[in-house]
Number of protein chains: 2
Amino acid sequence: MIGPLLEKLQHYKDLDKHEIKMLRAAPTQEKRLERGSYIIEAGENPPAVHLMIEGWACRCKMLSDGREQIMGYLIKGDLCDLHVTLLSRMDHSIRTITATTVGMVPEESINRIIEDFPRLARALFWSLMVDEAIARHWILNIGLRSAEARVAHLFCELLVRFQVAGLIQDHTLEMPLTQANLGEALSLTPVHVNRVLQRLRQKGLIRLTRKELTILDPEGLKNVAEFDAVYLHLDKNLANDKGELINKKEKRILSL
Amino acid sequence: MIGPLLEKLQHYKDLDKHEIKMLRAAPTQEKRLERGSYIIEAGENPPAVHLMIEGWACRCKMLSDGREQIMGYLIKGDLCDLHVTLLSRMDHSIRTITATTVGMVPEESINRIIEDFPRLARALFWSLMVDEAIARHWILNIGLRSAEARVAHLFCELLVRFQVAGLIQDHTLEMPLTQANLGEALSLTPVHVNRVLQRLRQKGLIRLTRKELTILDPEGLKNVAEFDAVYLHLDKNLANDKGELINKKEKRILSL
DNA sequence: CGCGTTTTTGACTTATATCAACTGTAGTGG
DNA sequence: CCACTACAGTTGATATAAGTCAAAAACGCG
């Protein structure tokens with residue numbers, strides 16, 4: 001259940017038996033949500049930290065005219081609102097993109113981790129800092145890159161994040177995001193996303209169906225995107241330049 | 001010397017004598033930098049945390065074609081690279097916009113704070129989380145708002161941040177950012193920034209000279225920007241809706 | 001099969017970029 | 001104090017990436 005989170009954290013630091021046990025015991029309750037529902041809304045102060053167990057969600061915020069910006073995607077293993085242990089309320093909402101299962105980690109468990117499991121606490125803060133780095137790089141992506149490069153960059157990021165969470169071994173990932181979803185994240189209209197996707201397909205970089213995205217040419221896509229995985233801070237498994245976005249040799253297989 | 005940082009942190013939590021003393025003793029060394037120099041560059045792993053004491057700087061990253069995105073501004077009281085205590089290396093650079101003085105806080109001091117001053121540590125992490133929230137809201141700003149609203153939003157943010165750091169009492173702040181600087185942050189060309197600024201001036205919202213920015217009509221500017229200070233998480237001094245962006249009544253005067 | 005959603009296509013518009021010249025301003029040194 | 005320089009700001013003309021509108025086609029669920 002906490003497999004993907006654990007897999008991700010181990011990219012920062014190897015965790016020992018006790019730490020893994022603590023982490024595994026942390027989510028005391030599960031909650032099932034339909035697609036399009038809110039895990040948390042802006043202004044709320046959630047009583048527990050939400051962990052993505054199944055499905056996709058996004059951080060989003062709406063302007064008064066109804067247009068909405070997606071500020072980040074959440075996949076299996078991501079913590080939705082760890083930062084709210086420090087900030088009293090959410091400044092954005094988290095909405096599900098697919099049907100989703102979240103685990104609820106009570107605040108006491110977080111405090112327990114901070115007090116008694118400092119290495120695990122560091123790993124969790126590391127993942128928070130990575131989230132911050134991702135947010136900063138989305139500024140770069142939206143602000144500076146062409147539409148085509150933006151889409152390519154997002155796909156590269158998602159591929160690496162899926163690999164890091166141990167969710168895929170190859171270059172194919174489930175892709176429940178509609179072109180409208182992609183547009184909200186990349187600040188493009190659905191129509192334009194569509195045309196850009198067609199170009200990426202024509203170039204032989206990706207294959208994309210309603211449910212699956214395959215990166216056919218990781219190097220090519222990286223080049224279009226000017227993607228550099230450094231910002232994902234996979235300290236032990238640094239992105240190399242030899243076709244794979246992350247180094248498979250170093251991947252630990254966890255018996256979960 | 002750590003006045004603005006302290007003032008900022010006290011917006012989260014009142015600190016006691018010992019915590020203030022620890023904080024004041026934290027920067028062991030000062031460094032003077034010319035305008036346009038790098039405090040840290042992407043890829044580096046700085047041995048100490050840098051605190052902005054005087055001047056302006058920005059987080060930035062360059063793409064291969066030479067164009068650069070500013071991902072955030074740093075003013076007096078901001079910590080440049082606290083997150084590098086957890087991430088091994090910088091994924092972006094920090095460049096000075098004016099001549100700057102930074103204080104160097106050795107990593108041991110940070111560790112000492114985390115171990116022996118948990119409330120102070122929480123306050124520092126709070127400021128990190130606020131930085132993350134600011135980054136997310138820049139995504140919103142660049143992605144969704146018109147050029148005019150973007151400029152207005154940035155000015156609102158700077159005004160509040162200056163107030164929070166106790167650097168101004170009125171609505172006038174030093175403004176060393178050139179129109180090109182603003183453009184790099186807002187993803188607009190200098191030419192377009194210029195035209196937008198003229199419109200904001202015509203509407204009587206701001207006065208802007210080479211060195212000073214005055215917000216003439218905070219409410220008006222807030223409306224243009226759809227600015228909502230919630231994302232700055234001034235838990236105790238929440239932004240109100242009565243003309244002032246933050247509540248002056250609650251402001252503590254610190255004898256520093 | 002039928003209906004809602006998503007994707008695709010085409011025609012047209014627009015906000016912002018680009019290019020290029022000119023003006024103002026501040027600082028420097030003779 | 002003026003000439004010189006360098007940079008910042010301003011203006012106008014033109015270009016373009018991406019947006020808008022609208023309708024058709026494809027998909028997929030009940």
# chains A, B, ... in the order shown; residues from 1 in each chain; ligands from 1
>>> interface_residues(of="chain B", to="chain D", cutoff="12 Å", atoms="only C-alpha atoms (C1' of nucleotides)", output="ChimeraX atom specification")
/B:176-181,190-195,197-198,208-211
>>> residues_around(residues="Leu232 of chain B", least_positions_apart="3", cutoff="7 Å", atoms="only C-alpha atoms (C1' of nucleotides)", output="list in words")
Val130, Ile134 and Ala229 of chain B
>>> select_by_dssp(residues="segment 20-216 of chain B", states="alpha helix (DSSP H)", output="number ranges by chain")
B: 20-25, 107-116, 118-144, 147-164, 179-186, 190-202
>>> closest_atom_pairs(of="chain C", to="chain A", cutoff="12 Å", atoms="only C-alpha atoms (C1' of nucleotides)", output="JSON lines")
{"residue": "C:DT5", "atom": "C1'", "partner": "A:Thr178", "partner_atom": "CA", "distance": 10.2}
{"residue": "C:DT6", "atom": "C1'", "partner": "A:Thr178", "partner_atom": "CA", "distance": 7.4}
{"residue": "C:DT7", "atom": "C1'", "partner": "A:Asn194", "partner_atom": "CA", "distance": 7.6}
{"residue": "C:DT8", "atom": "C1'", "partner": "A:Asn194", "partner_atom": "CA", "distance": 7.7}
{"residue": "C:DT9", "atom": "C1'", "partner": "A:Val191", "partner_atom": "CA", "distance": 9.8}
{"residue": "C:DG10", "atom": "C1'", "partner": "A:Val191", "partner_atom": "CA", "distance": 11.6}
>>> write_last_selection(atoms="N, CA and C atoms (P, O5', C5', C4', C3', O3' and C1' of nucleotides)", output="mmCIF file, in the first residue's frame")
data_model
loop_
_atom_site.group_PDB
_atom_site.id
_atom_site.type_symbol
_atom_site.label_atom_id
_atom_site.label_comp_id
_atom_site.auth_asym_id
_atom_site.auth_seq_id
_atom_site.Cartn_x
_atom_site.Cartn_y
_atom_site.Cartn_z
ATOM 1 P P DT C 5 -20.793 14.887 -20.404
ATOM 2 O "O5'" DT C 5 -19.318 14.454 -20.839
ATOM 3 C "C5'" DT C 5 -18.848 13.147 -20.501
ATOM 4 C "C4'" DT C 5 -17.684 12.824 -21.398
ATOM 5 C "C3'" DT C 5 -16.659 13.954 -21.502
ATOM 6 O "O3'" DT C 5 -15.433 13.412 -21.060
ATOM 7 C "C1'" DT C 5 -17.155 13.052 -23.640
ATOM 8 P P DT C 6 -14.110 14.293 -20.900
ATOM 9 O "O5'" DT C 6 -13.331 13.995 -22.257
ATOM 10 C "C5'" DT C 6 -12.902 12.666 -22.520
ATOM 11 C "C4'" DT C 6 -12.369 12.618 -23.938
ATOM 12 C "C3'" DT C 6 -11.272 13.645 -24.222
ATOM 13 O "O3'" DT C 6 -10.119 12.906 -24.578
ATOM 14 C "C1'" DT C 6 -12.871 13.593 -25.974
ATOM 15 P P DT C 7 -8.763 13.604 -25.024
ATOM 16 O "O5'" DT C 7 -8.922 13.620 -26.608
ATOM 17 C "C5'" DT C 7 -9.051 12.383 -27.298
ATOM 18 C "C4'" DT C 7 -9.270 12.662 -28.770
ATOM 19 C "C3'" DT C 7 -8.177 13.501 -29.431
ATOM 20 O "O3'" DT C 7 -7.693 12.744 -30.526
ATOM 21 C "C1'" DT C 7 -10.323 14.312 -30.013
ATOM 22 P P DT C 8 -6.407 13.214 -31.342
ATOM 23 O "O5'" DT C 8 -7.101 14.024 -32.514
ATOM 24 C "C5'" DT C 8 -7.959 13.321 -33.401
ATOM 25 C "C4'" DT C 8 -8.640 14.285 -34.344
ATOM 26 C "C3'" DT C 8 -7.710 15.240 -35.097
ATOM 27 O "O3'" DT C 8 -7.722 14.846 -36.457
ATOM 28 C "C1'" DT C 8 -9.712 16.309 -34.388
ATOM 29 P P DT C 9 -6.673 15.429 -37.486
ATOM 30 O "O5'" DT C 9 -7.477 16.651 -38.118
ATOM 31 C "C5'" DT C 9 -8.779 16.416 -38.621
ATOM 32 C "C4'" DT C 9 -9.428 17.722 -39.061
ATOM 33 C "C3'" DT C 9 -8.469 18.758 -39.618
ATOM 34 O "O3'" DT C 9 -8.739 18.885 -41.010
ATOM 35 C "C1'" DT C 9 -10.072 19.737 -38.133
ATOM 36 P P DG C 10 -8.116 19.971 -41.958
ATOM 37 O "O5'" DG C 10 -8.998 21.277 -41.693
ATOM 38 C "C5'" DG C 10 -10.358 21.300 -42.099
ATOM 39 C "C4'" DG C 10 -10.900 22.708 -41.964
ATOM 40 C "C3'" DG C 10 -9.972 23.799 -42.511
ATOM 41 O "O3'" DG C 10 -10.759 24.669 -43.329
ATOM 42 C "C1'" DG C 10 -10.571 24.284 -40.266
#
>>> select_by_dssp(residues="segment 59-225 of chain A", states="strand (DSSP E)", output="PyMOL selection string")
chain A and resi 59-62+68-74+93-96+100-106+172-174+206-208+212-215
>>> calpha_fit_and_write(fixed="chain B", moving="chain A", output="JSON list (two decimals) with C-alpha atoms, in the first residue's frame")
[["chain", "number", "residue", "atom", "x", "y", "z"],
["A", 1, "MET", "CA", 21.17, 42.14, 10.95],
["A", 2, "ILE", "CA", 18.66, 39.30, 11.19],
["A", 3, "GLY", "CA", 15.90, 41.80, 11.85],
["A", 4, "PRO", "CA", 13.86, 41.21, 8.70],
["A", 5, "LEU", "CA", 14.13, 37.41, 9.02],
["A", 6, "LEU", "CA", 13.05, 37.56, 12.64],
["A", 7, "GLU", "CA", 10.23, 39.93, 11.83],
["A", 8, "LYS", "CA", 9.06, 37.52, 9.15],
["A", 9, "LEU", "CA", 9.29, 34.42, 11.33],
["A", 10, "GLN", "CA", 7.32, 36.12, 14.08],
["A", 11, "HIS", "CA", 4.42, 36.27, 11.68],
["A", 12, "TYR", "CA", 4.29, 32.53, 12.11],
["A", 13, "LYS", "CA", 5.14, 32.15, 15.74],
["A", 14, "ASP", "CA", 6.33, 34.37, 18.54],
["A", 15, "LEU", "CA", 9.90, 33.48, 19.39],
["A", 16, "ASP", "CA", 11.38, 33.69, 22.86],
["A", 17, "LYS", "CA", 14.63, 35.27, 24.02],
["A", 18, "HIS", "CA", 16.72, 32.15, 23.57],
["A", 19, "GLU", "CA", 15.41, 31.46, 20.12],
["A", 20, "ILE", "CA", 16.07, 35.03, 19.09],
["A", 21, "LYS", "CA", 19.56, 34.83, 20.53],
["A", 22, "MET", "CA", 20.26, 31.62, 18.62],
["A", 23, "LEU", "CA", 18.98, 33.13, 15.41],
["A", 24, "ARG", "CA", 20.99, 36.29, 15.89],
["A", 25, "ALA", "CA", 24.15, 34.28, 16.41],
["A", 26, "ALA", "CA", 23.54, 32.01, 13.44],
["A", 27, "PRO", "CA", 25.19, 33.98, 10.59],
["A", 28, "THR", "CA", 28.88, 33.80, 11.41],
["A", 29, "GLN", "CA", 30.19, 35.57, 8.37],
["A", 30, "GLU", "CA", 29.11, 38.19, 5.89],
["A", 31, "LYS", "CA", 29.85, 38.33, 2.21],
["A", 32, "ARG", "CA", 29.52, 41.34, -0.05],
["A", 33, "LEU", "CA", 28.55, 40.73, -3.67],
["A", 34, "GLU", "CA", 28.32, 43.03, -6.65],
["A", 35, "ARG", "CA", 25.19, 43.34, -8.64],
["A", 36, "GLY", "CA", 24.92, 40.62, -11.27],
["A", 37, "SER", "CA", 27.06, 38.08, -9.44],
["A", 38, "TYR", "CA", 26.00, 34.63, -8.39],
["A", 39, "ILE", "CA", 25.38, 33.81, -4.75],
["A", 40, "ILE", "CA", 25.14, 30.16, -5.75],
["A", 41, "GLU", "CA", 25.02, 28.47, -9.11],
["A", 42, "ALA", "CA", 22.98, 25.50, -10.24],
["A", 43, "GLY", "CA", 24.81, 22.28, -9.49],
["A", 44, "GLU", "CA", 26.68, 23.61, -6.49],
["A", 45, "ASN", "CA", 26.32, 22.26, -3.00],
["A", 46, "PRO", "CA", 26.87, 25.29, -0.78],
["A", 47, "PRO", "CA", 28.59, 24.61, 2.56],
["A", 48, "ALA", "CA", 26.46, 27.16, 4.39],
["A", 49, "VAL", "CA", 22.97, 28.59, 4.13],
["A", 50, "HIS", "CA", 22.87, 32.11, 2.73],
["A", 51, "LEU", "CA", 20.71, 34.78, 4.33],
["A", 52, "MET", "CA", 19.87, 37.98, 2.46],
["A", 53, "ILE", "CA", 20.97, 40.90, 4.62],
["A", 54, "GLU", "CA", 21.02, 43.71, 2.09],
["A", 55, "GLY", "CA", 19.98, 43.98, -1.53],
["A", 56, "TRP", "CA", 17.87, 42.02, -3.99],
["A", 57, "ALA", "CA", 18.53, 38.69, -5.68],
["A", 58, "CYS", "CA", 16.58, 36.21, -7.76],
["A", 59, "ARG", "CA", 16.27, 32.50, -8.28],
["A", 60, "CYS", "CA", 16.86, 31.90, -11.95],
["A", 61, "LYS", "CA", 17.55, 29.29, -14.54],
["A", 62, "MET", "CA", 18.79, 29.66, -18.09],
["A", 63, "LEU", "CA", 17.78, 27.60, -21.10],
["A", 64, "SER", "CA", 20.28, 26.63, -23.76],
["A", 65, "ASP", "CA", 19.24, 29.48, -26.05],
["A", 66, "GLY", "CA", 20.31, 32.00, -23.43],
["A", 67, "ARG", "CA", 16.85, 33.05, -22.35],
["A", 68, "GLU", "CA", 16.41, 33.04, -18.62],
["A", 69, "GLN", "CA", 13.46, 32.63, -16.29],
["A", 70, "ILE", "CA", 13.33, 34.23, -12.87],
["A", 71, "MET", "CA", 11.56, 31.84, -10.51],
["A", 72, "GLY", "CA", 11.44, 34.05, -7.47],
["A", 73, "TYR", "CA", 12.77, 37.21, -5.89],
["A", 74, "LEU", "CA", 14.81, 37.27, -2.70],
["A", 75, "ILE", "CA", 14.76, 40.30, -0.42],
["A", 76, "LYS", "CA", 16.20, 41.16, 2.99],
["A", 77, "GLY", "CA", 15.40, 38.41, 5.46],
["A", 78, "ASP", "CA", 14.99, 35.64, 2.89],
["A", 79, "LEU", "CA", 16.99, 32.45, 3.11],
["A", 80, "CYS", "CA", 18.47, 31.54, -0.26],
["A", 81, "ASP", "CA", 19.16, 27.86, 0.07],
["A", 82, "LEU", "CA", 17.82, 26.34, 3.24],
["A", 83, "HIS", "CA", 16.43, 23.50, 1.15],
["A", 84, "VAL", "CA", 19.93, 22.46, 0.15],
["A", 85, "THR", "CA", 20.37, 21.06, 3.64],
["A", 86, "LEU", "CA", 18.10, 18.31, 2.33],
["A", 87, "LEU", "CA", 18.75, 18.33, -1.39],
["A", 88, "SER", "CA", 22.37, 17.80, -2.19],
["A", 89, "ARG", "CA", 22.72, 20.36, -4.92],
["A", 90, "MET", "CA", 21.10, 23.46, -6.31],
["A", 91, "ASP", "CA", 18.80, 22.94, -9.28],
["A", 92, "HIS", "CA", 18.77, 26.66, -10.04],
["A", 93, "SER", "CA", 21.07, 29.62, -9.56],
["A", 94, "ILE", "CA", 20.75, 32.66, -7.34],
["A", 95, "ARG", "CA", 21.96, 35.91, -8.86],
["A", 96, "THR", "CA", 22.12, 39.33, -7.32],
["A", 97, "ILE", "CA", 20.06, 42.12, -8.85],
["A", 98, "THR", "CA", 21.66, 44.85, -6.77],
["A", 99, "ALA", "CA", 24.83, 44.93, -4.72],
["A", 100, "THR", "CA", 24.09, 42.48, -1.95],
["A", 101, "THR", "CA", 25.25, 41.43, 1.49],
["A", 102, "VAL", "CA", 24.60, 37.85, 2.49],
["A", 103, "GLY", "CA", 25.13, 36.22, 5.85],
["A", 104, "MET", "CA", 26.51, 32.71, 5.96],
["A", 105, "VAL", "CA", 24.84, 30.33, 8.38],
["A", 106, "PRO", "CA", 27.00, 27.22, 8.78],
["A", 107, "GLU", "CA", 25.21, 23.92, 8.46],
["A", 108, "GLU", "CA", 26.08, 23.09, 12.08],
["A", 109, "SER", "CA", 23.99, 26.05, 13.23],
["A", 110, "ILE", "CA", 21.05, 24.73, 11.24],
["A", 111, "ASN", "CA", 21.50, 21.29, 12.76],
["A", 112, "ARG", "CA", 21.77, 22.83, 16.21],
["A", 113, "ILE", "CA", 18.52, 24.69, 15.64],
["A", 114, "ILE", "CA", 16.79, 21.52, 14.48],
["A", 115, "GLU", "CA", 18.01, 19.60, 17.51],
["A", 116, "ASP", "CA", 17.75, 22.14, 20.30],
["A", 117, "PHE", "CA", 15.28, 24.76, 19.10],
["A", 118, "PRO", "CA", 12.34, 22.86, 17.64],
["A", 119, "ARG", "CA", 10.03, 25.85, 17.63],
["A", 120, "LEU", "CA", 12.57, 27.91, 15.74],
["A", 121, "ALA", "CA", 13.14, 24.99, 13.37],
["A", 122, "ARG", "CA", 9.42, 24.86, 12.71],
["A", 123, "ALA", "CA", 9.42, 28.56, 11.95],
["A", 124, "LEU", "CA", 12.23, 28.09, 9.44],
["A", 125, "PHE", "CA", 10.41, 25.20, 7.78],
["A", 126, "TRP", "CA", 7.32, 27.36, 7.72],
["A", 127, "SER", "CA", 9.23, 29.94, 5.70],
["A", 128, "LEU", "CA", 10.33, 27.17, 3.34],
["A", 129, "MET", "CA", 6.74, 26.08, 2.86],
["A", 130, "VAL", "CA", 5.74, 29.66, 2.18],
["A", 131, "ASP", "CA", 8.42, 29.79, -0.50],
["A", 132, "GLU", "CA", 6.87, 26.69, -2.03],
["A", 133, "ALA", "CA", 3.43, 28.27, -1.94],
["A", 134, "ILE", "CA", 4.82, 31.38, -3.62],
["A", 135, "ALA", "CA", 6.36, 29.24, -6.37],
["A", 136, "ARG", "CA", 3.03, 27.48, -6.95],
["A", 137, "HIS", "CA", 1.24, 30.79, -7.17],
["A", 138, "TRP", "CA", 3.73, 32.06, -9.71],
["A", 139, "ILE", "CA", 2.62, 29.13, -11.89],
["A", 140, "LEU", "CA", -0.91, 30.41, -11.52],
["A", 141, "ASN", "CA", 0.18, 33.95, -12.21],
["A", 142, "ILE", "CA", 2.15, 33.22, -15.35],
["A", 143, "GLY", "CA", -0.19, 30.54, -16.59],
["A", 144, "LEU", "CA", -3.56, 32.15, -16.21],
["A", 145, "ARG", "CA", -3.39, 35.88, -15.81],
["A", 146, "SER", "CA", -3.13, 38.63, -18.40],
["A", 147, "ALA", "CA", 0.07, 40.64, -18.61],
["A", 148, "GLU", "CA", -1.49, 43.48, -16.66],
["A", 149, "ALA", "CA", -2.77, 41.24, -13.89],
["A", 150, "ARG", "CA", 0.60, 39.51, -13.69],
["A", 151, "VAL", "CA", 2.48, 42.72, -13.06],
["A", 152, "ALA", "CA", -0.14, 43.84, -10.57],
["A", 153, "HIS", "CA", 0.05, 40.53, -8.74],
["A", 154, "LEU", "CA", 3.81, 40.65, -8.44],
["A", 155, "PHE", "CA", 3.64, 44.17, -7.03],
["A", 156, "CYS", "CA", 1.03, 43.11, -4.47],
["A", 157, "GLU", "CA", 3.20, 40.18, -3.43],
["A", 158, "LEU", "CA", 6.26, 42.37, -3.05],
["A", 159, "LEU", "CA", 4.36, 44.94, -1.03],
["A", 160, "VAL", "CA", 3.14, 42.33, 1.43],
["A", 161, "ARG", "CA", 6.52, 40.68, 1.69],
["A", 162, "PHE", "CA", 8.16, 44.01, 2.44],
["A", 163, "GLN", "CA", 5.54, 44.71, 5.07],
["A", 164, "VAL", "CA", 5.98, 41.27, 6.59],
["A", 165, "ALA", "CA", 9.74, 41.74, 6.81],
["A", 166, "GLY", "CA", 9.12, 45.04, 8.57],
["A", 167, "LEU", "CA", 10.90, 46.94, 5.84],
["A", 168, "ILE", "CA", 8.21, 49.49, 5.07],
["A", 169, "GLN", "CA", 5.37, 51.11, 6.93],
["A", 170, "ASP", "CA", 3.72, 52.79, 3.99],
["A", 171, "HIS", "CA", 3.12, 51.67, 0.42],
["A", 172, "THR", "CA", 6.45, 52.65, -1.07],
["A", 173, "LEU", "CA", 9.27, 50.25, -1.68],
["A", 174, "GLU", "CA", 12.67, 50.47, -3.26],
["A", 175, "MET", "CA", 12.42, 49.06, -6.75],
["A", 176, "PRO", "CA", 15.74, 48.17, -8.34],
["A", 177, "LEU", "CA", 14.09, 45.76, -10.81],
["A", 178, "THR", "CA", 14.34, 46.92, -14.39],
["A", 179, "GLN", "CA", 11.51, 46.33, -16.78],
["A", 180, "ALA", "CA", 13.65, 43.60, -18.30],
["A", 181, "ASN", "CA", 13.94, 41.96, -14.85],
["A", 182, "LEU", "CA", 10.20, 42.09, -14.42],
["A", 183, "GLY", "CA", 9.79, 40.57, -17.84],
["A", 184, "GLU", "CA", 12.05, 37.65, -17.01],
["A", 185, "ALA", "CA", 9.99, 36.91, -13.92],
["A", 186, "LEU", "CA", 6.59, 37.35, -15.52],
["A", 187, "SER", "CA", 7.43, 35.84, -18.86],
["A", 188, "LEU", "CA", 6.86, 39.04, -20.77],
["A", 189, "THR", "CA", 9.12, 41.05, -23.05],
["A", 190, "PRO", "CA", 10.54, 44.30, -21.68],
["A", 191, "VAL", "CA", 8.57, 46.21, -24.31],
["A", 192, "HIS", "CA", 5.33, 44.68, -23.17],
["A", 193, "VAL", "CA", 6.14, 45.25, -19.51],
["A", 194, "ASN", "CA", 6.65, 48.88, -20.37],
["A", 195, "ARG", "CA", 3.24, 49.22, -21.98],
["A", 196, "VAL", "CA", 1.54, 47.42, -19.11],
["A", 197, "LEU", "CA", 3.23, 49.67, -16.56],
["A", 198, "GLN", "CA", 1.97, 52.69, -18.42],
["A", 199, "ARG", "CA", -1.56, 51.36, -18.21],
["A", 200, "LEU", "CA", -1.24, 50.74, -14.47],
["A", 201, "ARG", "CA", 0.07, 54.28, -14.05],
["A", 202, "GLN", "CA", -2.75, 55.74, -16.13],
["A", 203, "LYS", "CA", -5.27, 53.94, -13.96],
["A", 204, "GLY", "CA", -3.72, 55.65, -10.95],
["A", 205, "LEU", "CA", -2.79, 52.35, -9.31],
["A", 206, "ILE", "CA", 0.95, 52.82, -8.99],
["A", 207, "ARG", "CA", 3.72, 55.38, -9.19],
["A", 208, "LEU", "CA", 6.97, 53.94, -10.45],
["A", 209, "THR", "CA", 10.31, 55.63, -10.90],
["A", 210, "ARG", "CA", 13.76, 54.23, -11.46],
["A", 211, "LYS", "CA", 14.21, 53.58, -7.79],
["A", 212, "GLU", "CA", 10.83, 53.52, -6.12],
["A", 213, "LEU", "CA", 7.49, 51.85, -6.46],
["A", 214, "THR", "CA", 4.48, 53.32, -4.69],
["A", 215, "ILE", "CA", 1.21, 51.47, -4.57],
["A", 216, "LEU", "CA", -1.22, 54.36, -4.81],
["A", 217, "ASP", "CA", -4.36, 52.24, -4.69],
["A", 218, "PRO", "CA", -3.80, 48.89, -2.96],
["A", 219, "GLU", "CA", -7.44, 47.85, -3.32],
["A", 220, "GLY", "CA", -7.51, 48.70, -6.99],
["A", 221, "LEU", "CA", -4.29, 46.86, -7.64],
["A", 222, "LYS", "CA", -5.53, 43.85, -5.69],
["A", 223, "ASN", "CA", -8.63, 43.77, -7.86],
["A", 224, "VAL", "CA", -6.70, 43.95, -11.11],
["A", 225, "ALA", "CA", -4.44, 41.17, -9.85],
["A", 226, "GLU", "CA", -7.09, 39.06, -8.13],
["A", 227, "PHE", "CA", -4.60, 39.05, -5.30],
["A", 228, "ASP", "CA", -5.40, 37.03, -2.20],
["A", 229, "ALA", "CA", -2.65, 37.03, 0.40],
["A", 230, "VAL", "CA", -3.71, 33.67, 1.84],
["A", 231, "TYR", "CA", -0.91, 31.93, -0.03],
["A", 232, "LEU", "CA", 1.65, 33.87, 1.99],
["A", 233, "HIS", "CA", 0.36, 32.12, 5.14],
["A", 234, "LEU", "CA", 0.66, 35.01, 7.55],
["A", 235, "ASP", "CA", -1.25, 32.95, 10.02],
["A", 236, "LYS", "CA", -1.47, 35.53, 12.70],
["A", 237, "ASN", "CA", -1.74, 38.59, 10.51],
["A", 238, "LEU", "CA", -4.17, 37.40, 7.91],
["A", 239, "ALA", "CA", -4.78, 39.76, 5.07],
["A", 240, "ASN", "CA", -7.96, 41.66, 5.58],
["A", 241, "ASP", "CA", -10.15, 43.33, 3.04],
["A", 242, "LYS", "CA", -10.08, 46.85, 4.34],
["A", 243, "GLY", "CA", -7.55, 48.56, 2.16],
["A", 244, "GLU", "CA", -4.46, 47.35, 3.93],
["A", 245, "LEU", "CA", -2.95, 44.19, 2.53],
["A", 246, "ILE", "CA", -1.97, 43.09, 6.01],
["A", 247, "ASN", "CA", -3.35, 44.08, 9.33],
["A", 248, "LYS", "CA", -1.17, 46.73, 10.86],
["A", 249, "LYS", "CA", -2.77, 46.56, 14.26],
["A", 250, "GLU", "CA", -1.16, 43.22, 14.88],
["A", 251, "LYS", "CA", 2.29, 44.25, 13.87],
["A", 252, "ARG", "CA", 4.82, 43.78, 16.58],
["A", 253, "ILE", "CA", 7.54, 46.36, 16.91],
["A", 254, "LEU", "CA", 10.77, 44.61, 17.61],
["A", 255, "SER", "CA", 13.64, 46.39, 19.27],
["A", 256, "LEU", "CA", 16.46, 45.20, 17.09]]
